[in-house]
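Colleague: Just dropping this structure here.
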Amino acid sequence: MNKVAIAGVAIAVSGAVGAQWYANKRADDVIAQQVGQFSEQTGFDVSYENVDYSLLSNTVTIEKMSFKSQETEQQLIDIESMSIEGYSADKVSPFTELVVKGMSLSSELANAPEASVLPSSLVSAKYDLVSSLSFDESNGDSQIKLAASAQNLLDFAVNFDMTNSQEAMNLQLEIDKLHKQGEMDLEAELQMQSKMLSAIQALQPKSFSFSLNNGGEFKSLVDELLQKNGLDHAQLQAMLASQLNAVPASDVNKEAVKAFVAGLNSFEVSMEFPAQTSLMQLGMQLQPLAADPQALEQFLKLKMVGK
């Protein structure tokens, strides 16, 4: 490699390192500002050890976060790391994701008298959370995903697909900008709320699904909760069977609920919505079906699977 090429590589590497250093410095400043505003608005002090920004993936990662009450000075929650990918202040990003890893009650709060009413497995567990929003500006398709887990206990997930979401997305971006510029007085706030309500009513839902899965010790958690209320698993099943007899739902879905309570392994729910139907229109179509749950199940293509 000749000297010119070597010099070119050196300049490129230096530029990349310099850009990454500046990006990290900028990210650190922005996070410090946002944390300060959060503390003023909520009454919680937030501390953290490090902020890192990846230019390649447009991801900000905050490590070793702690939340403390300003009023009592009690440590409340610890988080091993929190990252935000794809966020943009100037436009609606095609993909944004929030990842929280290792969230737990602080040792101070876990040992407080208030925590004694909760099952010990919930108090000592670490929690992970992944929340994402995908948006296609060309057709208005959006997908919201939420996944949460209590390590070794249970996993929980929700997916919601919709379309015709351009107006709501752009309006939220406009609201955020006005807040940052300090131009959101009471009158403007009410006007924006009215516009946002209309935009939400115009959304067209496509599908919804929900799932809950045993992470290994979920049955032990349920047994502990039942014991605190003077019940056991067999009594829970008997009570549920009696209550389901009075519910005007399909036998298939009733059996799915019973199967889940019996096995405590997994439970899945899914539904689909009529195409090109706004939330407002959907609400009007659902009203006359409220008195006929089985017809409502068929209309929404409601499916339940329990194990």
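In the structure tokens, each chain is lettered A, B, ... as it comes, each chain's residues begin at 1, and ligands are numbered from 1 in order of appearance.
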Would you mind listing what lies within 9 Å of Ser209 (chain A) as a ChimeraX atom specification, with only C-alpha atoms counted and same-chain residues fewer than 4 positions away left out?
Modeller: /A:157-160,268-272
Colleague: Please, could you write that set of residues out with N, CA, C and O atoms as an mmCIF file, in the first residue's frame?
Modeller:
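File again32.cif, as written:
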data_model
loop_
_atom_site.group_PDB
_atom_site.id
_atom_site.type_symbol
_atom_site.label_atom_id
_atom_site.label_comp_id
_atom_site.auth_asym_id
_atom_site.auth_seq_id
_atom_site.Cartn_x
_atom_site.Cartn_y
_atom_site.Cartn_z
ATOM 1 N N ALA A 157 -46.328 -10.917 25.411
ATOM 2 C CA ALA A 157 -46.129 -10.211 24.143
ATOM 3 C C ALA A 157 -47.459 -9.730 23.577
ATOM 4 O O ALA A 157 -48.481 -10.421 23.686
ATOM 5 N N VAL A 158 -47.431 -8.544 22.961
ATOM 6 C CA VAL A 158 -48.601 -7.972 22.299
ATOM 7 C C VAL A 158 -48.166 -7.421 20.943
ATOM 8 O O VAL A 158 -47.139 -6.730 20.852
ATOM 9 N N ASN A 159 -48.920 -7.741 19.888
ATOM 10 C CA ASN A 159 -48.681 -7.191 18.559
ATOM 11 C C ASN A 159 -49.962 -6.545 18.050
ATOM 12 O O ASN A 159 -51.052 -7.135 18.161
ATOM 13 N N PHE A 160 -49.838 -5.359 17.486
ATOM 14 C CA PHE A 160 -51.007 -4.648 16.964
ATOM 15 C C PHE A 160 -50.636 -4.044 15.618
ATOM 16 O O PHE A 160 -49.720 -3.221 15.530
ATOM 17 N N GLU A 268 -52.694 -17.948 24.174
ATOM 18 C CA GLU A 268 -52.599 -17.073 23.010
ATOM 19 C C GLU A 268 -53.982 -16.603 22.587
ATOM 20 O O GLU A 268 -54.938 -17.392 22.575
ATOM 21 N N VAL A 269 -54.071 -15.328 22.243
ATOM 22 C CA VAL A 269 -55.316 -14.728 21.774
ATOM 23 C C VAL A 269 -55.012 -13.950 20.493
ATOM 24 O O VAL A 269 -54.023 -13.214 20.439
ATOM 25 N N SER A 270 -55.838 -14.113 19.481
ATOM 26 C CA SER A 270 -55.646 -13.349 18.241
ATOM 27 C C SER A 270 -56.998 -12.953 17.678
ATOM 28 O O SER A 270 -58.009 -13.626 17.905
ATOM 29 N N MET A 271 -57.012 -11.839 16.951
ATOM 30 C CA MET A 271 -58.225 -11.388 16.281
ATOM 31 C C MET A 271 -57.862 -10.580 15.044
ATOM 32 O O MET A 271 -56.757 -10.026 14.956
ATOM 33 N N GLU A 272 -58.780 -10.536 14.104
ATOM 34 C CA GLU A 272 -58.595 -9.769 12.874
ATOM 35 C C GLU A 272 -59.785 -8.823 12.698
ATOM 36 O O GLU A 272 -60.903 -9.142 13.108
#
Colleague: Please identify all polymer residues within 12 Å of Asp251 (chain A), counting only C-alpha atoms, omitting same-chain residues fewer than 3 positions from it, and present them as a PDB file with N, CA, C and O atoms, in the first residue's frame.
Modeller:
ATOM      1  N   ALA A 241     -64.326 -22.979  36.201  1.00  0.00           N
ATOM      2  CA  ALA A 241     -65.294 -23.759  35.432  1.00  0.00           C
ATOM      3  C   ALA A 241     -66.711 -23.309  35.742  1.00  0.00           C
ATOM      4  O   ALA A 241     -67.559 -23.196  34.846  1.00  0.00           O
ATOM      5  N   LEU A 244     -67.261 -19.848  34.083  1.00  0.00           N
ATOM      6  CA  LEU A 244     -67.334 -19.919  32.623  1.00  0.00           C
ATOM      7  C   LEU A 244     -68.680 -20.443  32.138  1.00  0.00           C
ATOM      8  O   LEU A 244     -69.114 -20.127  31.025  1.00  0.00           O
ATOM      9  N   ASN A 245     -69.342 -21.243  32.960  1.00  0.00           N
ATOM     10  CA  ASN A 245     -70.667 -21.751  32.567  1.00  0.00           C
ATOM     11  C   ASN A 245     -71.662 -20.624  32.346  1.00  0.00           C
ATOM     12  O   ASN A 245     -72.603 -20.756  31.556  1.00  0.00           O
ATOM     13  N   ALA A 246     -71.440 -19.522  33.046  1.00  0.00           N
ATOM     14  CA  ALA A 246     -72.364 -18.390  32.929  1.00  0.00           C
ATOM     15  C   ALA A 246     -71.925 -17.383  31.866  1.00  0.00           C
ATOM     16  O   ALA A 246     -72.620 -16.400  31.616  1.00  0.00           O
ATOM     17  N   VAL A 247     -70.795 -17.639  31.223  1.00  0.00           N
ATOM     18  CA  VAL A 247     -70.278 -16.714  30.205  1.00  0.00           C
ATOM     19  C   VAL A 247     -70.772 -17.154  28.833  1.00  0.00           C
ATOM     20  O   VAL A 247     -70.531 -18.291  28.413  1.00  0.00           O
ATOM     21  N   PRO A 248     -71.457 -16.261  28.094  1.00  0.00           N
ATOM     22  CA  PRO A 248     -71.972 -16.630  26.768  1.00  0.00           C
ATOM     23  C   PRO A 248     -70.899 -16.565  25.696  1.00  0.00           C
ATOM     24  O   PRO A 248     -70.951 -15.741  24.773  1.00  0.00           O
ATOM     25  N   LYS A 254     -63.849 -21.250  25.632  1.00  0.00           N
ATOM     26  CA  LYS A 254     -63.945 -21.612  27.048  1.00  0.00           C
ATOM     27  C   LYS A 254     -62.948 -22.715  27.387  1.00  0.00           C
ATOM     28  O   LYS A 254     -62.270 -22.664  28.415  1.00  0.00           O
ATOM     29  N   GLU A 255     -62.857 -23.704  26.518  1.00  0.00           N
ATOM     30  CA  GLU A 255     -61.936 -24.807  26.745  1.00  0.00           C
ATOM     31  C   GLU A 255     -60.482 -24.333  26.697  1.00  0.00           C
ATOM     32  O   GLU A 255     -59.615 -24.862  27.394  1.00  0.00           O
ATOM     33  N   ALA A 256     -60.211 -23.329  25.871  1.00  0.00           N
ATOM     34  CA  ALA A 256     -58.858 -22.789  25.791  1.00  0.00           C
ATOM     35  C   ALA A 256     -58.453 -22.148  27.119  1.00  0.00           C
ATOM     36  O   ALA A 256     -57.323 -22.316  27.590  1.00  0.00           O
ATOM     37  N   VAL A 257     -59.388 -21.414  27.734  1.00  0.00           N
ATOM     38  CA  VAL A 257     -59.122 -20.788  29.028  1.00  0.00           C
ATOM     39  C   VAL A 257     -58.901 -21.852  30.101  1.00  0.00           C
ATOM     40  O   VAL A 257     -57.975 -21.776  30.916  1.00  0.00           O
ATOM     41  N   LYS A 258     -59.753 -22.879  30.092  1.00  0.00           N
ATOM     42  CA  LYS A 258     -59.620 -23.960  31.070  1.00  0.00           C
ATOM     43  C   LYS A 258     -58.283 -24.693  30.905  1.00  0.00           C
ATOM     44  O   LYS A 258     -57.623 -25.037  31.897  1.00  0.00           O
ATOM     45  N   PRO A 293     -72.204 -12.373  22.319  1.00  0.00           N
ATOM     46  CA  PRO A 293     -70.759 -12.613  22.359  1.00  0.00           C
ATOM     47  C   PRO A 293     -70.255 -13.599  21.303  1.00  0.00           C
ATOM     48  O   PRO A 293     -69.156 -13.430  20.780  1.00  0.00           O
ATOM     49  N   GLN A 294     -71.049 -14.598  20.992  1.00  0.00           N
ATOM     50  CA  GLN A 294     -70.585 -15.559  19.989  1.00  0.00           C
ATOM     51  C   GLN A 294     -70.523 -14.922  18.606  1.00  0.00           C
ATOM     52  O   GLN A 294     -69.599 -15.179  17.839  1.00  0.00           O
ATOM     53  N   GLU A 297     -67.429 -12.873  18.574  1.00  0.00           N
ATOM     54  CA  GLU A 297     -66.243 -13.690  18.335  1.00  0.00           C
ATOM     55  C   GLU A 297     -66.058 -13.950  16.840  1.00  0.00           C
ATOM     56  O   GLU A 297     -64.943 -13.853  16.310  1.00  0.00           O
ATOM     57  N   LYS A 303     -59.682 -16.006  18.292  1.00  0.00           N
ATOM     58  CA  LYS A 303     -59.178 -17.352  18.527  1.00  0.00           C
ATOM     59  C   LYS A 303     -58.371 -17.363  19.824  1.00  0.00           C
ATOM     60  O   LYS A 303     -57.609 -16.439  20.096  1.00  0.00           O
ATOM     61  N   MET A 304     -58.558 -18.417  20.614  1.00  0.00           N
ATOM     62  CA  MET A 304     -57.818 -18.591  21.850  1.00  0.00           C
ATOM     63  C   MET A 304     -57.223 -19.987  21.885  1.00  0.00           C
ATOM     64  O   MET A 304     -57.881 -20.965  21.490  1.00  0.00           O
TER      65      MET A 304
END
Colleague: Choose the residue, out of A:Asp78, A:Pro288, A:Gln34, A:Leu302, that has the smallest atom-to-atom separation from Asn253 (chain A); count only C-alpha atoms.
Modeller: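 Among A:Asp78, A:Pro288, A:Gln34, A:Leu302, it is A:Leu302 that comes nearest to Asn253 (chain A).
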Colleague: With distances taken over only C-alpha atoms, which residue among A:Asn152, A:Ser198, A:Ser142, A:Ser81 lies nearest Leu129 (chain A)?
Modeller: A:Ser81
Colleague: Could you check how far CA of Glu167 (chain A) sits from CA of Leu203 (chain A), in Å to one decimal?
Modeller: 8.8 Å
Colleague: DSSP on the backbone: which residues in region 86-304 of chain A end up as alpha helix (DSSP H)? Give the answer as a short mmCIF file (atom, residue, chain, number, x, y, z; two decimals) with N, CA, C and O atoms, in the first residue's frame.
Modeller:
data_model
loop_
_atom_site.label_atom_id
_atom_site.label_comp_id
_atom_site.auth_asym_id
_atom_site.auth_seq_id
_atom_site.Cartn_x
_atom_site.Cartn_y
_atom_site.Cartn_z
N SER A 107 -32.50 -3.02 46.24
CA SER A 107 -32.45 -3.82 47.47
C SER A 107 -33.15 -3.10 48.61
O SER A 107 -33.79 -3.72 49.46
N GLU A 108 -33.08 -1.78 48.60
CA GLU A 108 -33.73 -0.98 49.64
C GLU A 108 -35.24 -1.14 49.58
O GLU A 108 -35.91 -1.33 50.61
N LEU A 109 -35.80 -1.09 48.37
CA LEU A 109 -37.25 -1.23 48.21
C LEU A 109 -37.68 -2.68 48.39
O LEU A 109 -38.75 -2.96 48.96
N ALA A 110 -36.87 -3.63 47.91
CA ALA A 110 -37.23 -5.05 48.03
C ALA A 110 -37.33 -5.48 49.48
O ALA A 110 -38.11 -6.39 49.82
N SER A 120 -42.41 -13.41 46.73
CA SER A 120 -40.96 -13.21 46.76
C SER A 120 -40.34 -13.32 45.38
O SER A 120 -39.36 -12.64 45.07
N SER A 121 -40.91 -14.18 44.51
CA SER A 121 -40.35 -14.36 43.16
C SER A 121 -40.51 -13.10 42.32
O SER A 121 -39.65 -12.78 41.50
N LEU A 122 -41.60 -12.35 42.53
CA LEU A 122 -41.79 -11.10 41.81
C LEU A 122 -40.86 -10.01 42.33
O LEU A 122 -40.34 -9.19 41.57
N VAL A 123 -40.65 -10.01 43.63
CA VAL A 123 -39.80 -8.98 44.25
C VAL A 123 -38.35 -9.15 43.82
O VAL A 123 -37.65 -8.17 43.55
N SER A 124 -37.89 -10.38 43.72
CA SER A 124 -36.47 -10.64 43.42
C SER A 124 -36.19 -10.75 41.92
O SER A 124 -35.02 -10.77 41.52
N GLN A 166 -50.74 7.78 8.94
CA GLN A 166 -49.86 8.91 8.64
C GLN A 166 -50.23 10.15 9.45
O GLN A 166 -49.36 10.83 10.00
N GLU A 167 -51.52 10.46 9.51
CA GLU A 167 -51.95 11.68 10.18
C GLU A 167 -51.59 11.65 11.67
O GLU A 167 -51.07 12.63 12.22
N ALA A 168 -51.84 10.54 12.31
CA ALA A 168 -51.55 10.43 13.74
C ALA A 168 -50.04 10.53 14.00
O ALA A 168 -49.61 11.19 14.95
N MET A 169 -49.23 9.89 13.16
CA MET A 169 -47.79 9.92 13.34
C MET A 169 -47.24 11.33 13.16
O MET A 169 -46.44 11.83 13.97
N ASN A 170 -47.65 12.00 12.09
CA ASN A 170 -47.16 13.35 11.82
C ASN A 170 -47.64 14.35 12.86
O ASN A 170 -46.92 15.28 13.23
N LEU A 171 -48.84 14.15 13.35
CA LEU A 171 -49.38 15.04 14.37
C LEU A 171 -48.61 14.88 15.68
O LEU A 171 -48.32 15.89 16.36
N GLN A 172 -48.26 13.66 16.04
CA GLN A 172 -47.47 13.44 17.26
C GLN A 172 -46.10 14.11 17.14
O GLN A 172 -45.60 14.69 18.11
N LEU A 173 -45.52 14.04 15.94
CA LEU A 173 -44.23 14.70 15.72
C LEU A 173 -44.37 16.21 15.88
O LEU A 173 -43.51 16.86 16.50
N GLU A 174 -45.44 16.78 15.37
CA GLU A 174 -45.69 18.22 15.50
C GLU A 174 -45.88 18.61 16.96
O GLU A 174 -45.36 19.64 17.42
N ILE A 175 -46.60 17.79 17.72
CA ILE A 175 -46.81 18.06 19.15
C ILE A 175 -45.49 18.05 19.90
O ILE A 175 -45.23 18.92 20.74
N ASP A 176 -44.65 17.08 19.61
CA ASP A 176 -43.35 17.00 20.26
C ASP A 176 -42.52 18.24 19.98
O ASP A 176 -41.85 18.78 20.88
N LYS A 177 -42.54 18.71 18.75
CA LYS A 177 -41.76 19.90 18.38
C LYS A 177 -42.27 21.13 19.11
O LYS A 177 -41.47 21.96 19.59
N LEU A 178 -43.58 21.28 19.20
CA LEU A 178 -44.15 22.44 19.90
C LEU A 178 -43.78 22.43 21.38
O LEU A 178 -43.50 23.48 21.97
N HIS A 179 -43.79 21.24 21.98
CA HIS A 179 -43.40 21.13 23.39
C HIS A 179 -41.95 21.55 23.58
O HIS A 179 -41.62 22.28 24.53
N LYS A 180 -41.07 21.10 22.70
CA LYS A 180 -39.65 21.42 22.82
C LYS A 180 -39.41 22.92 22.62
O LYS A 180 -38.52 23.50 23.22
N GLN A 181 -40.20 23.54 21.75
CA GLN A 181 -40.03 24.96 21.47
C GLN A 181 -40.73 25.84 22.50
O GLN A 181 -40.62 27.07 22.44
N LEU A 186 -52.22 26.41 26.74
CA LEU A 186 -53.43 25.62 27.00
C LEU A 186 -54.31 25.53 25.76
O LEU A 186 -54.83 24.45 25.43
N GLU A 187 -54.48 26.65 25.06
CA GLU A 187 -55.35 26.64 23.86
C GLU A 187 -54.79 25.73 22.78
O GLU A 187 -55.52 24.94 22.17
N ALA A 188 -53.47 25.82 22.57
CA ALA A 188 -52.84 24.96 21.56
C ALA A 188 -52.92 23.49 21.97
O ALA A 188 -53.12 22.61 21.13
N GLU A 189 -52.78 23.23 23.27
CA GLU A 189 -52.86 21.86 23.78
C GLU A 189 -54.24 21.27 23.50
O GLU A 189 -54.36 20.12 23.05
N LEU A 190 -55.29 22.03 23.75
CA LEU A 190 -56.65 21.54 23.51
C LEU A 190 -56.91 21.31 22.03
O LEU A 190 -57.55 20.33 21.64
N GLN A 191 -56.38 22.20 21.19
CA GLN A 191 -56.55 22.04 19.75
C GLN A 191 -55.85 20.77 19.25
O GLN A 191 -56.40 20.02 18.44
N MET A 192 -54.64 20.55 19.77
CA MET A 192 -53.90 19.36 19.37
C MET A 192 -54.57 18.08 19.86
O MET A 192 -54.58 17.07 19.18
N GLN A 193 -55.13 18.13 21.05
CA GLN A 193 -55.84 16.97 21.58
C GLN A 193 -57.04 16.62 20.70
O GLN A 193 -57.32 15.44 20.45
N SER A 194 -57.73 17.66 20.25
CA SER A 194 -58.89 17.44 19.37
C SER A 194 -58.45 16.83 18.03
O SER A 194 -59.07 15.89 17.52
N LYS A 195 -57.35 17.35 17.47
CA LYS A 195 -56.84 16.81 16.21
C LYS A 195 -56.37 15.37 16.38
O LYS A 195 -56.61 14.52 15.52
N MET A 196 -55.71 15.11 17.51
CA MET A 196 -55.19 13.76 17.74
C MET A 196 -56.34 12.77 17.92
O MET A 196 -56.27 11.63 17.44
N LEU A 197 -57.40 13.18 18.58
CA LEU A 197 -58.56 12.30 18.74
C LEU A 197 -59.14 11.91 17.39
O LEU A 197 -59.46 10.75 17.14
N SER A 198 -59.25 12.89 16.49
CA SER A 198 -59.76 12.61 15.15
C SER A 198 -58.83 11.68 14.39
O SER A 198 -59.28 10.77 13.67
N ALA A 199 -57.52 11.91 14.54
CA ALA A 199 -56.54 11.07 13.84
C ALA A 199 -56.60 9.64 14.35
O ALA A 199 -56.48 8.68 13.58
N ILE A 200 -56.77 9.46 15.66
CA ILE A 200 -56.86 8.12 16.24
C ILE A 200 -58.13 7.42 15.78
O ILE A 200 -58.12 6.23 15.46
N GLN A 201 -59.22 8.14 15.74
CA GLN A 201 -60.48 7.55 15.27
C GLN A 201 -60.40 7.12 13.82
O GLN A 201 -61.12 6.21 13.40
N ALA A 202 -59.50 7.74 13.05
CA ALA A 202 -59.36 7.41 11.63
C ALA A 202 -58.44 6.21 11.39
O ALA A 202 -58.38 5.67 10.28
N PHE A 218 -43.55 -20.09 36.51
CA PHE A 218 -44.83 -19.39 36.56
C PHE A 218 -45.84 -20.11 37.45
O PHE A 218 -46.58 -19.49 38.21
N LYS A 219 -45.85 -21.45 37.38
CA LYS A 219 -46.80 -22.21 38.20
C LYS A 219 -46.53 -21.98 39.69
O LYS A 219 -47.45 -21.86 40.49
N SER A 220 -45.25 -21.92 40.06
CA SER A 220 -44.91 -21.68 41.46
C SER A 220 -45.39 -20.31 41.91
O SER A 220 -45.85 -20.14 43.05
N LEU A 221 -45.31 -19.33 41.00
CA LEU A 221 -45.81 -17.99 41.31
C LEU A 221 -47.31 -18.01 41.53
O LEU A 221 -47.81 -17.42 42.50
N VAL A 222 -48.05 -18.70 40.65
CA VAL A 222 -49.50 -18.78 40.80
C VAL A 222 -49.86 -19.49 42.09
O VAL A 222 -50.76 -19.06 42.83
N ASP A 223 -49.17 -20.57 42.40
CA ASP A 223 -49.44 -21.30 43.65
C ASP A 223 -49.21 -20.42 44.88
O ASP A 223 -49.97 -20.48 45.86
N GLU A 224 -48.16 -19.60 44.82
CA GLU A 224 -47.87 -18.71 45.95
C GLU A 224 -48.97 -17.66 46.11
O GLU A 224 -49.41 -17.36 47.23
N LEU A 225 -49.46 -17.12 44.97
CA LEU A 225 -50.55 -16.15 45.02
C LEU A 225 -51.84 -16.79 45.55
O LEU A 225 -52.56 -16.18 46.34
N LEU A 226 -52.10 -18.02 45.10
CA LEU A 226 -53.30 -18.72 45.58
C LEU A 226 -53.21 -18.99 47.08
O LEU A 226 -54.19 -18.81 47.82
N GLN A 227 -52.04 -19.40 47.52
CA GLN A 227 -51.85 -19.71 48.94
C GLN A 227 -52.08 -18.47 49.81
O GLN A 227 -52.66 -18.56 50.90
N LYS A 228 -51.65 -17.30 49.32
CA LYS A 228 -51.86 -16.06 50.08
C LYS A 228 -53.35 -15.76 50.23
O LYS A 228 -53.75 -15.03 51.14
N HIS A 233 -54.64 -24.90 43.54
CA HIS A 233 -54.85 -24.94 42.09
C HIS A 233 -56.17 -25.62 41.72
O HIS A 233 -56.89 -25.17 40.82
N ALA A 234 -56.51 -26.71 42.40
CA ALA A 234 -57.75 -27.43 42.11
C ALA A 234 -58.97 -26.54 42.37
O ALA A 234 -59.95 -26.55 41.60
N GLN A 235 -58.94 -25.78 43.45
CA GLN A 235 -60.05 -24.87 43.76
C GLN A 235 -60.17 -23.77 42.71
O GLN A 235 -61.28 -23.38 42.35
N LEU A 236 -59.03 -23.29 42.24
CA LEU A 236 -59.05 -22.27 41.18
C LEU A 236 -59.72 -22.81 39.92
O LEU A 236 -60.56 -22.12 39.31
N GLN A 237 -59.37 -24.02 39.53
CA GLN A 237 -59.96 -24.62 38.34
C GLN A 237 -61.47 -24.80 38.51
O GLN A 237 -62.25 -24.55 37.58
N ALA A 238 -61.89 -25.24 39.68
CA ALA A 238 -63.33 -25.44 39.93
C ALA A 238 -64.08 -24.12 39.88
O ALA A 238 -65.17 -24.03 39.30
N MET A 239 -63.52 -23.08 40.48
CA MET A 239 -64.16 -21.77 40.47
C MET A 239 -64.27 -21.23 39.05
O MET A 239 -65.31 -20.69 38.64
N LEU A 240 -63.20 -21.41 38.27
CA LEU A 240 -63.20 -20.93 36.89
C LEU A 240 -64.25 -21.66 36.05
O LEU A 240 -64.99 -21.03 35.28
N ALA A 241 -64.33 -22.98 36.20
CA ALA A 241 -65.29 -23.76 35.43
C ALA A 241 -66.71 -23.31 35.74
O ALA A 241 -67.56 -23.20 34.85
N SER A 242 -66.99 -23.02 37.00
CA SER A 242 -68.32 -22.56 37.40
C SER A 242 -68.64 -21.20 36.79
O SER A 242 -69.75 -20.99 36.29
N GLN A 243 -67.67 -20.31 36.80
CA GLN A 243 -67.89 -18.97 36.27
C GLN A 243 -68.03 -18.98 34.75
O GLN A 243 -68.83 -18.24 34.18
N LEU A 244 -67.26 -19.85 34.08
CA LEU A 244 -67.33 -19.92 32.62
C LEU A 244 -68.68 -20.44 32.14
O LEU A 244 -69.11 -20.13 31.03
N ASN A 245 -69.34 -21.24 32.96
CA ASN A 245 -70.67 -21.75 32.57
C ASN A 245 -71.66 -20.62 32.35
O ASN A 245 -72.60 -20.76 31.56
N ASP A 251 -67.72 -22.59 23.09
CA ASP A 251 -67.14 -23.68 23.86
C ASP A 251 -65.64 -23.82 23.58
O ASP A 251 -64.86 -24.17 24.47
N VAL A 252 -65.25 -23.54 22.34
CA VAL A 252 -63.82 -23.67 21.97
C VAL A 252 -62.97 -22.71 22.80
O VAL A 252 -61.92 -23.10 23.35
N ASN A 253 -63.41 -21.46 22.91
CA ASN A 253 -62.63 -20.49 23.67
C ASN A 253 -62.71 -20.74 25.17
O ASN A 253 -61.75 -20.49 25.91
N LYS A 254 -63.85 -21.25 25.63
CA LYS A 254 -63.94 -21.61 27.05
C LYS A 254 -62.95 -22.72 27.39
O LYS A 254 -62.27 -22.66 28.41
N GLU A 255 -62.86 -23.70 26.52
CA GLU A 255 -61.94 -24.81 26.75
C GLU A 255 -60.48 -24.33 26.70
O GLU A 255 -59.61 -24.86 27.39
N ALA A 256 -60.21 -23.33 25.87
CA ALA A 256 -58.86 -22.79 25.79
C ALA A 256 -58.45 -22.15 27.12
O ALA A 256 -57.32 -22.32 27.59
N VAL A 257 -59.39 -21.41 27.73
CA VAL A 257 -59.12 -20.79 29.03
C VAL A 257 -58.90 -21.85 30.10
O VAL A 257 -57.97 -21.78 30.92
N LYS A 258 -59.75 -22.88 30.09
CA LYS A 258 -59.62 -23.96 31.07
C LYS A 258 -58.28 -24.69 30.91
O LYS A 258 -57.62 -25.04 31.90
N ALA A 259 -57.88 -24.92 29.66
CA ALA A 259 -56.64 -25.63 29.40
C ALA A 259 -55.44 -24.83 29.91
O ALA A 259 -54.48 -25.40 30.45
N PHE A 260 -55.50 -23.52 29.75
CA PHE A 260 -54.40 -22.69 30.23
C PHE A 260 -54.31 -22.73 31.76
O PHE A 260 -53.23 -22.89 32.32
N VAL A 261 -55.44 -22.58 32.42
CA VAL A 261 -55.44 -22.58 33.89
C VAL A 261 -55.00 -23.94 34.42
O VAL A 261 -54.33 -24.03 35.45
N ALA A 262 -55.32 -25.00 33.69
CA ALA A 262 -54.91 -26.33 34.13
C ALA A 262 -53.41 -26.55 33.96
O ALA A 262 -52.74 -27.09 34.84
N GLY A 263 -52.88 -26.11 32.81
CA GLY A 263 -51.46 -26.38 32.54
C GLY A 263 -50.52 -25.26 32.89
O GLY A 263 -49.35 -25.48 33.18
N LEU A 279 -61.37 3.03 13.40
CA LEU A 279 -61.74 2.73 14.78
C LEU A 279 -63.14 3.25 15.09
O LEU A 279 -63.90 2.59 15.82
N MET A 280 -63.49 4.41 14.56
CA MET A 280 -64.83 4.95 14.79
C MET A 280 -65.88 4.03 14.17
O MET A 280 -66.89 3.71 14.80
N GLN A 281 -65.65 3.61 12.94
CA GLN A 281 -66.60 2.71 12.27
C GLN A 281 -66.68 1.37 12.99
O GLN A 281 -67.76 0.79 13.12
N LEU A 282 -65.52 0.89 13.43
CA LEU A 282 -65.48 -0.39 14.13
C LEU A 282 -66.30 -0.33 15.41
O LEU A 282 -67.05 -1.26 15.72
N GLY A 283 -66.19 0.76 16.14
CA GLY A 283 -66.96 0.91 17.36
C GLY A 283 -68.46 0.85 17.10
O GLY A 283 -69.22 0.23 17.86
N MET A 284 -68.89 1.47 16.01
CA MET A 284 -70.31 1.47 15.67
C MET A 284 -70.77 0.06 15.27
O MET A 284 -71.90 -0.34 15.58
N GLN A 285 -69.90 -0.70 14.60
CA GLN A 285 -70.26 -2.05 14.18
C GLN A 285 -70.30 -3.02 15.37
O GLN A 285 -71.04 -4.01 15.35
N LEU A 286 -69.48 -2.73 16.38
CA LEU A 286 -69.42 -3.64 17.53
C LEU A 286 -70.57 -3.45 18.50
O LEU A 286 -70.95 -4.39 19.22
N PRO A 293 -72.20 -12.37 22.32
CA PRO A 293 -70.76 -12.61 22.36
C PRO A 293 -70.26 -13.60 21.30
O PRO A 293 -69.16 -13.43 20.78
N GLN A 294 -71.05 -14.60 20.99
CA GLN A 294 -70.58 -15.56 19.99
C GLN A 294 -70.52 -14.92 18.61
O GLN A 294 -69.60 -15.18 17.84
N ALA A 295 -71.51 -14.08 18.29
CA ALA A 295 -71.47 -13.36 17.02
C ALA A 295 -70.29 -12.39 17.01
O ALA A 295 -69.65 -12.17 15.97
N LEU A 296 -69.99 -11.82 18.17
CA LEU A 296 -68.86 -10.91 18.30
C LEU A 296 -67.54 -11.65 18.04
O LEU A 296 -66.65 -11.14 17.35
N GLU A 297 -67.43 -12.87 18.57
CA GLU A 297 -66.24 -13.69 18.33
C GLU A 297 -66.06 -13.95 16.84
O GLU A 297 -64.94 -13.85 16.31
N GLN A 298 -67.15 -14.28 16.16
CA GLN A 298 -67.06 -14.56 14.73
C GLN A 298 -66.70 -13.32 13.94
O GLN A 298 -65.90 -13.37 13.00
N PHE A 299 -67.26 -12.18 14.33
CA PHE A 299 -66.99 -10.93 13.63
C PHE A 299 -65.51 -10.56 13.73
O PHE A 299 -64.90 -10.10 12.76
N LEU A 300 -64.92 -10.78 14.91
CA LEU A 300 -63.52 -10.42 15.14
C LEU A 300 -62.56 -11.57 14.82
O LEU A 300 -61.35 -11.41 14.97
#
Colleague: Name the closest residue to Gln151 (chain A) among the candidates A:Gln204, A:Gly215, A:Ser106, A:Ser116; distances are taken between atoms, counting only C-alpha atoms.
Modeller: A:Gly215
